[in-house]
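J.: Take this structure first; my questions come after.
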Amino acid sequence: MTMIEPNLDPVDRADPATAALAVQNLHLAYMVRGQPREVLRGVTFQVRPGEAFGLVGESGCGKSTTAYAALRYMPANGRITEGHVLANGKDITEMSNAELRKFRATEASMVYQDPVQAMNPSLKIGDQVSECFEILGHGKSESMDRALAALKRVHIAAPESVMDRYPHQLSGGMLQRVVIAMGLAKDPKLLVLDEPTTGLDATVEAEVLDLVRELRKETDAAVLLIAHNLGVIRTMCDRVGVMYAGKMVEEATSDQLFGEPRHPYTIGLMNSIPRLGLRKTDRALSTIPGNMPSIGTDLPTCVYVSRCPIATDICRSDVPPVVQLGDGRWTRCHHSDLLDQIVEPLAEVPEHLIPDDQVVELNHVSKTFRQAGHAVPALVSVDLGFAEGETLGLVGESGSGKSTLAKTMLGVHGPDDDGGTITLDGRPMKAKATDRRGEAIQAIQMVFQNPDSALNRSWTVRRILHRTVTRLTDISGEEADRRVSEIAEAMRLSEHHLDMRPRQLSGGLKQRVAIARAFAGDPRVVVCDEPTSALDVSVQAAILNLLATLQRDEKTSYLFITHDIGVVRYLADRIAVMYVGRIMEKGLTEDVFNGPVHPYTEALLSAVPAIDGVAKNRIPLQGDIPSPADPPPGCVFHTRCKYHIPGTCDVEIPPSVTVGPRHEIVCHLPIDQMPTPVTVTLSQKN
Amino acid sequence: MARFLVRRLLLSIITLFILLVVVFALTRVFPQDVAKQLAGPFAPQQRVDDLNEKLGLLDPVSTQFGRLVGDVVTLDFGESYSQPGVKVVDLIRPALWNSAKLVMLALLITLPLSILGGIMAARRKDTRLDRAIVSLGLASASIPDFVSGVILQLLIGVKLGWLPATSSSVPADAGFFTSLRFILLPALAIVLVYFGYIARITRAGAIGVFDSDYARTAYMKGLSPWEVIKKHVLRNALQPTVAVTGTQMGYLFGGLVGLERVFNYPGLGNLILRAALAPDLPLLQTGVLTVAVIFMLATLSSDLLIAWMNPRARLAGGEN
Amino acid sequence: MALTGENEITPDPVEPVVLPTVAAVVDGGAPAQDRKSVKAEQRRQLVRDPSFIIGALVLLFWILCALLPALLANYGPDEAVVTADGQFLARSGPDGTAWFGTDSAGRDVYSRVIYGARNVLTVAPIAAAAAVAAGAILGLLMGFFRGWVDELISRISEAVLSLPVILLAILVLVVFGTSKLVIILTVAALFTPVVARTVRSAVLSEAQLDYVTSAKLRGESSWFIMTREILPNITNVLVVEFTVRVGYAIFTVATLAFLGFTSDATAPDWGNDIASTYTLINANQWWPTIFPALAIASLVIAVNLIADSLDKALKS
């Protein structure tokens with residue numbers, strides 16, 4: 001198979017020997033029962049010294065495999081079948097084991113997802129960090145000194161005491177700093193970051209990214225960054241490569257790529273993300289039909305041909321050329337001149353007025369857990385109502401009580417018995433779901449974050465839906481069968497899918513089944529707990545579209561819990577912001593994004609790495625979220641608030657201030673001093 | 001840590017108490033008339049009655065149970081039924097010492113071998129070496145101890161004549177090494193049973209660690225495989241091994257009834273079997289409780305050892 | 001490229017991926033895996049696993065012996081071996097007439113080994129099945145309800161587990177006698193706590209899954225959730241547990257028989273026969289002991305090989 005490889009700019013990017021990392025026509029296969037299955041199908045790119053290069057693409061595209069291969073770390077059944085990886089001119093595919101160890105000890109390091117797992121649970125932090133220096137030949141005590149300096153370099157609070165601690169005593173954000181400190185210990189020429197902030201809260205993520213940015217300037221290390229979050233890539237990287245099915249389909253600077261994508265796949269990816277303040281009433285999100293080809297599939301021509309909206313016969317018969325677009329930018333497409341034929345979808349949801357009547361209402365609902373004899377107030381006097389057909393977006397850091405709120409409303413655990421009520425059409429409901437009957441049990445249903453956990457794997461889709469229909473409605477017998485088929489059709493599930501078990505379905509289809517189940521009993525309110533966070537963006541788009549149209553047709557209300565500010569802005573009619581079990585702000589979505597807002601909301605909105613550009617004035621949140629077991633006195637946010645008024649905020653519980661129609665903020669600040677959220681500038685990066 | 005210890009001790013006492021009730025209940029419903037059996041089939045009724053009276057077997061059940069609890073608290077278990085005049089503790093003590101010798105020797109051989117085997121198998125997962133260790137281990141661990149005992153006795157004791165085939169006839173003046181020869185054969189039978197078991201547990205623990213992200217971190221630091229094993233793998237991988245060794249102590253001390261019988265070895269298991277058949281109630285109850293206490297002490301020590309190895313368990317105050 | 005172990009991480013789950021039979025045209029996402037292909041793959045893995053094949057063949061042989069001993073045996077279990085010239089043959093070593101030799105009563109060891117399979121192969125599986133049934137029920141209750149039910153059963157289980165099974169069995173059998181039924185019930189009862197503990201932890205991890213919450217949200221009863229929602233998802237655990245317990249039951253029953261706790265000490269039974277002959281080993285009369293011993297060993301190994309392969313296949 002002949003392949004036209006990108007003919008890179010001769011001046012700047014030609015010589016692989018001077019690149020910090022040069023991946024050349026890398027083919028990698030996993031051996032499954034003696035048969036090679038291709039994962040990487042000829043990947044070529046360079047990371048120049050001091051440059052940050054990002055790899056993006058949906059799961060299964062091979063971006064992480066590429067990252068690990070860059071340090072020659074691969075599964076036992078992984079084989080590099082063709083191509084080379086050069087690091088500063090040395091071919092790591094041809095190194096001996098001793099040379100490879102020396103390379104890893106002195107020149108390259110890696111930081112990956114989940115810092116908690118990355119640290120040895122039974123060794124002190126100091127010992128683990130100093131190990132990086134010992135291997136360079138330093139003595140034990142000198143290594144300890146250097147380890148301390150390394151921790152100081154990543155701005156860890158109280159580094160001396162951190163040295164003496166064990167990993168489980170530190171938060172995820174601190175641990176990721178430690179891992180970064182270890183990675184930078186050797187002043188590497190190449191730093192590979194694989195989803196370094198996935199799983200961290202947006203506020204912590206922002207801090208970690210700030211740190212990496214700062215240290216990069218300091219050390220001039222080249223960075224290879226893998227992230228599924230395009231916002232992270234946009235704010236961190238100089239250049240970006242887009243991968244699909246083990247092949248790079250487009251490479252550009254990040255401003256070029258996010259501003260004007262030039263490959264059908266990149267365009268599909270960009271249009272599927274709610275960005276630039278897009279709302280559901282503006283237009284539906286783009287979706288990419290079909291699946292990414294699985295590992296080992298034979299793809300003789302264009303890897304994207306089966307899902308491409310502008311594919312023609314030539315795409316099926318000929319290998320696409322690499323089209324140079326100047327400045328090192330290129331795309332691998334037959335039709336790079338026809339990209340404007342890809343149309344954006346139309347609006348499917350009309351503007352509608354939200355009625356005043358509340359379907360379900362929470363009044364002064366609190367929930368206190370008992371933990372080892374201590375009272376842990378997880379919800380403190382929450383008031384929240386849901387009007388027919390509205391979406392209430394609930395945001396806040398993890399541990400703020402979002403899920404507890406949802407589960408209390410659902411009756412998974414009963415609220416405190418202190419006069420708080422949950423009402424349905426004004427009538428109080430039983431606290432526990434197991435005590436609720438008839439309308440009350442039918443009224444609130446849930447779509448869970450992880451469909452693998454939410455669907456019983458030994459039941460067929462039909463049985464799951466049928467059981468829900470017969471339990472929650474009066475329908476039975478043949479009528480119930482008909483109803484199941486109707487629901488399935490509304491979710492765009494075929495009859496064939498009904499006889500499958502969850503394991504046979506893709507992630508997106510499973511989430512459709514979960515949504516179908518939630519809607520099967522005609523609920524009034526559906527709680528959606530991060531329903532798309534486990535899905536790729538193109539699948540997320542399809543699910544969000546489905547939720548929006550279902551709401552339009554069924555007039556169901558949503559409680560939509562998410563950490564994705566773009567998604568909440570797209571879908572939610574109103575937003576509620578939670579912090580340490582309390583609602584700090586409630587308001588219509590546009591009002592919240594226009595301000596004035598609560599200082600916490602301001603920080604939360606600014607922390608999100610924006611895909612549309614970089615916020616100039618990010619508001620950093622110092623320290624960790626306080627434990628609900630020991631909330632700060634006065635305003636719970638005062639410990640992290642930059643507007644904090646001494647003598648007031650740390651003493652008095654703030655009042656709820658109405659700053660506009662339906663817009664309430666719990667804060668001591670006078671309305672005119674309340675902050676306005678930062679707006680993301682579309683200009684160049686700093 | 002102190003809280004963890006207190007909690008563990010309290011739980012152990014509850015468990016012991018439940019066990020005491022179970023054992024007491026079982027021995028009280030003995031179908032045979034204990035006194036009659038002790039006095040012999042042709043003893044006059046008067047003697048049987050006297051014996052019943054003397055042993056307090058006609059007292060109300062609550063009194064009898066109270067007496068047993070009292071015995072346990074004061075650690076005075078009275079005299080044996082089957083060997084009148086001999087204190088129960090004087091029968092238990094030598095048997096316990098014999099069992100301890102056997103167990104120590106067996107573990108001294110088994111633990112290093114099986115840990116080495118387990119780590120090697122994990123490191124070379126899915127290779128021929130791994131498969132050999134795993135299958136041999138499975139096979140040897142499956143065979144009942146008395147069966148491997150019989151086979152070893154024949155092969156090494158009788159056919160090859162390398163070691164004494166039974167353990168009972170130790171000469172009175174035997175030195176350390178001579179006595180060692182007499183218990184080596186039963187100890188080897190235990191090694192056969194436990195090598196595979198412990199090697200498999202170690203292997204599973206080590207595979208988990210070799211696959212962990214922090215082992216990957218260690219490789220990425222540029223450490224050599226041996227340094228990774230020494231500094232990062234062992235401490236974490238051996239925790240299940242320690243736990244399992246602890247839970248097996250009860251079996252090693254009291255459960256090798258069959259093996260002890262094959263070699264006519266005067267250990268605890270043998271003693272308890274004899275007490276059960278006699279029936280010698282004080283000896284039986286004391287023997288069973290001794291095994292239970294050993295089990296508890298062993299699991300407690302292994303928990304402490306794990307807490308030492310694992311700071312999370314140690315510093316969380318025993319929440320896990 | 002030369003790869004030694006030090007660069008290895010465990011293989012990503014690169015299962016043979018089968019494209020979904022219907023193209024999921026509405027959205028993307030990871031390609032699905034066919035459930036049928038999963039089951040078929042598990043079966044394929046089993047029948048290709050040499051240890052499973054060996055285990056199954058040995059087990060089948062002993063089951064055949066248990067069902068139709070006369071088919072394979074040369075003599076009756078209690079029949080004395082008489083040579084062609086009418087000679088009564090006792091304590092003779094293995095030869096053409098008596099393949100495994102004869103015991104001191106002149107019976108054919110080979111035939112007794114064949115007949116001996118029946119007893120252990122009835123008692124052990126029944127006891128194991130009873131233990132798994134009882135343990136499954138207790139484990140479901142403990143794992144689902146937690147709280148005091150869990151605490152109470154756990155404490156009792158712990159007490160039972162703190163003594164070796166064989167010791168408790170001796171205690172119980174001394175009290176209640178050694179009929180077959182008592183032996184079965186005793187072994188079953190003593191295995192129940194271990195099974196309950198295994199099932200409990202499997203139920204605990206199932207009960208954390210959202211499908212259980214979802215069932216509660218549509219008002220299902222606890223009984224329904226336990227038996228219809230959770231139970232089908234832990235059958236793999238039960239199957240493996242049953243196989244493992246059969247192995248241990250054979251181990252236990254044989255040891256008990258060896259110690260004299262048997263329903264009929266003269267019946268053909270491997271444990272019985274070892275018990276009545278093992279002292280003769282020192283006199284170099286090894287055949288009446290060693291052959292039943294090897295029979296026990298082969299059966300237990302076979303069952304454990306099957307259990308191990310099943311466990312591996314069902315977890316994959």
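If you're wondering about the labels, chains in the structure tokens are A, B, ... by order shown, residues count from 1 in each chain, ligands from 1 in order shown.
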Enumerate as a count of residues only all residues of region 77-264 of chain B assigned to alpha helix (DSSP H) by DSSP on the backbone, naming them with the chain letters and numbers the document uses.
T.: 132
J.: Got a sec to pull out which chain C residues are within 6 Å of chain B, counting only C-alpha atoms, and send them as a list in words?
T.: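 Close enough to count are Glu6, Thr10, Ala159, Ser162, Leu163, Pro164, Ile166, Val175, Phe251, Ala293, Ala297, Val300 and Ile301 of chain C.
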J.: Would you give me, as a VMD selection string, the residues of chain B that come within 6 Å of chain A, using only C-alpha atoms?
T.: chain B and resid 213 to 214 220 to 222 310 to 311
J.: Write the residues you've just listed into a file as an mmCIF file, in the first residue's frame, and include N, CA, C and O atoms for each of them.
T.:
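Full text of again_24.cif as output:
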```
data_model
loop_
_atom_site.group_PDB
_atom_site.id
_atom_site.type_symbol
_atom_site.label_atom_id
_atom_site.label_comp_id
_atom_site.auth_asym_id
_atom_site.auth_seq_id
_atom_site.Cartn_x
_atom_site.Cartn_y
_atom_site.Cartn_z
ATOM 1 N N ASP B 213 -0.943 1.180 37.692
ATOM 2 C CA ASP B 213 -0.390 2.425 37.161
ATOM 3 C C ASP B 213 0.906 2.796 37.861
ATOM 4 O O ASP B 213 1.797 3.377 37.256
ATOM 5 N N TYR B 214 1.000 2.476 39.163
ATOM 6 C CA TYR B 214 2.221 2.931 39.833
ATOM 7 C C TYR B 214 3.427 2.087 39.464
ATOM 8 O O TYR B 214 4.559 2.581 39.498
ATOM 9 N N MET B 220 8.526 3.954 34.070
ATOM 10 C CA MET B 220 8.727 5.192 33.330
ATOM 11 C C MET B 220 9.816 6.057 33.971
ATOM 12 O O MET B 220 10.350 6.943 33.342
ATOM 13 N N LYS B 221 10.072 5.829 35.266
ATOM 14 C CA LYS B 221 11.171 6.552 35.899
ATOM 15 C C LYS B 221 12.507 6.009 35.416
ATOM 16 O O LYS B 221 13.553 6.591 35.686
ATOM 17 N N GLY B 222 12.463 4.846 34.752
ATOM 18 C CA GLY B 222 13.683 4.235 34.277
ATOM 19 C C GLY B 222 14.249 3.201 35.229
ATOM 20 O O GLY B 222 15.403 2.811 35.109
ATOM 21 N N ASN B 310 0.716 -1.497 54.772
ATOM 22 C CA ASN B 310 -0.192 -0.671 54.000
ATOM 23 C C ASN B 310 -0.632 0.540 54.813
ATOM 24 O O ASN B 310 -1.477 0.439 55.677
ATOM 25 N N PRO B 311 -0.045 1.698 54.528
ATOM 26 C CA PRO B 311 -0.330 2.878 55.347
ATOM 27 C C PRO B 311 -1.804 3.263 55.316
ATOM 28 O O PRO B 311 -2.312 3.835 56.263
#
```
J.: If we count only C-alpha atoms, what is near Ala237 (chain B) at a cut-off of 6 Å, once residues fewer than 4 positions away on the same chain are taken out, given as number ranges by chain?
T.: B: 205-206, 233
J.: Write out, as an mmCIF file, in the first residue's frame, the residues just selected, with C-alpha atoms.
T.:
```cif
data_model
loop_
_atom_site.group_PDB
_atom_site.id
_atom_site.type_symbol
_atom_site.label_atom_id
_atom_site.label_comp_id
_atom_site.auth_asym_id
_atom_site.auth_seq_id
_atom_site.Cartn_x
_atom_site.Cartn_y
_atom_site.Cartn_z
ATOM 1 C CA GLY B 205 -1.481 -10.216 44.131
ATOM 2 C CA ALA B 206 1.675 -9.617 42.147
ATOM 3 C CA VAL B 233 5.879 -4.686 43.966
#
```
J.: Near region 67-81 of chain C, counting only C-alpha atoms, which residues have an atom at most 9 Å away, once you skip same-chain residues fewer than 4 positions from it, shown as a CSV table (one decimal) with C-alpha atoms, in the first residue's frame?
T.:
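Just written: part12.csv:
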```csv
chain,number,residue,atom,x,y,z
C,62,TRP,CA,-15.1,-41.5,37.7
C,63,ILE,CA,-18.8,-40.7,37.0
C,87,GLN,CA,-6.1,-70.6,45.1
C,88,PHE,CA,-7.3,-67.9,47.6
C,89,LEU,CA,-5.3,-64.8,46.9
C,90,ALA,CA,-4.8,-62.4,49.8
C,97,THR,CA,-5.0,-61.4,37.9
C,98,ALA,CA,-5.5,-58.5,40.4
C,102,THR,CA,-5.4,-57.7,46.7
C,105,ALA,CA,-9.2,-60.0,52.9
C,106,GLY,CA,-8.3,-61.2,49.5
C,107,ARG,CA,-10.5,-58.6,47.7
C,108,ASP,CA,-9.4,-57.0,44.4
C,109,VAL,CA,-8.1,-53.5,45.0
C,110,TYR,CA,-8.8,-52.4,41.5
C,111,SER,CA,-12.4,-53.4,41.6
C,112,ARG,CA,-12.8,-51.8,45.0
C,113,VAL,CA,-11.4,-48.5,43.7
C,114,ILE,CA,-13.9,-48.6,40.8
C,115,TYR,CA,-16.8,-49.3,43.2
C,116,GLY,CA,-15.5,-46.7,45.6
C,117,ALA,CA,-16.3,-43.8,43.3
C,118,ARG,CA,-20.0,-44.0,43.9
C,267,ALA,CA,-18.4,-50.3,52.1
C,268,PRO,CA,-16.2,-49.8,49.1
```
J.: Could you please tell me, as a VMD selection string, which residues of chain A have an atom within 6 Å of chain C when using only C-alpha atoms?
T.: chain A and resid 73 to 76 289 to 291 433 to 434 453 to 456 504 to 508 539
J.: I'd like the interatomic distance between CA of Lys247 (chain A) and CA of Val537 (chain A), to a tenth of an Å.
T.: 18.9 Å
J.: Skipping near chain neighbours, those fewer than 2 positions away, what residues fall within 6 Å of Thr253 (chain A) using only C-alpha atoms, listed as a list in words?
T.: Asp238, Arg239, Val240, Asp255 and Gln256 of chain A
J.: I'd like the neighbourhood of region 472-485 of chain A as a ChimeraX atom specification, where a residue qualifies if any of its atoms comes within 12 Å (using only C-alpha atoms), though same-chain residues fewer than 2 positions away should be ignored.
T.: /A:436-445,461-470,487-499,513,516-523 /C:215-220
J.: Could you give me the residues within region 351-547 of chain A that DSSP places in strand (DSSP E or B), as a PyMOL selection string?
T.: chain A and resi 358-371+374-387+391-395+421-424+427-428+444-447+525-529
J.: For a test of reading the model, state the distance in Å between CA of Phe560 (chain A) and CA of Gln371 (chain A), rounded to one decimal.
T.: 28.1 Å
J.: Can you tell me how far CA of Pro16 (chain A) sits from CA of Pro49 (chain A), in Å to one decimal?
T.: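 Between these atoms lies a distance of 11.2 Å.
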J.: Using only C-alpha atoms, which protein or nucleic acid residues come within 6 Å of region 178-194 of chain C? Drop anything in the same chain fewer than 6 positions from it, and give the result as an NGL selection string.
T.: :C and (123 or 127 or 130-131 or 135 or 157 or 261-263)
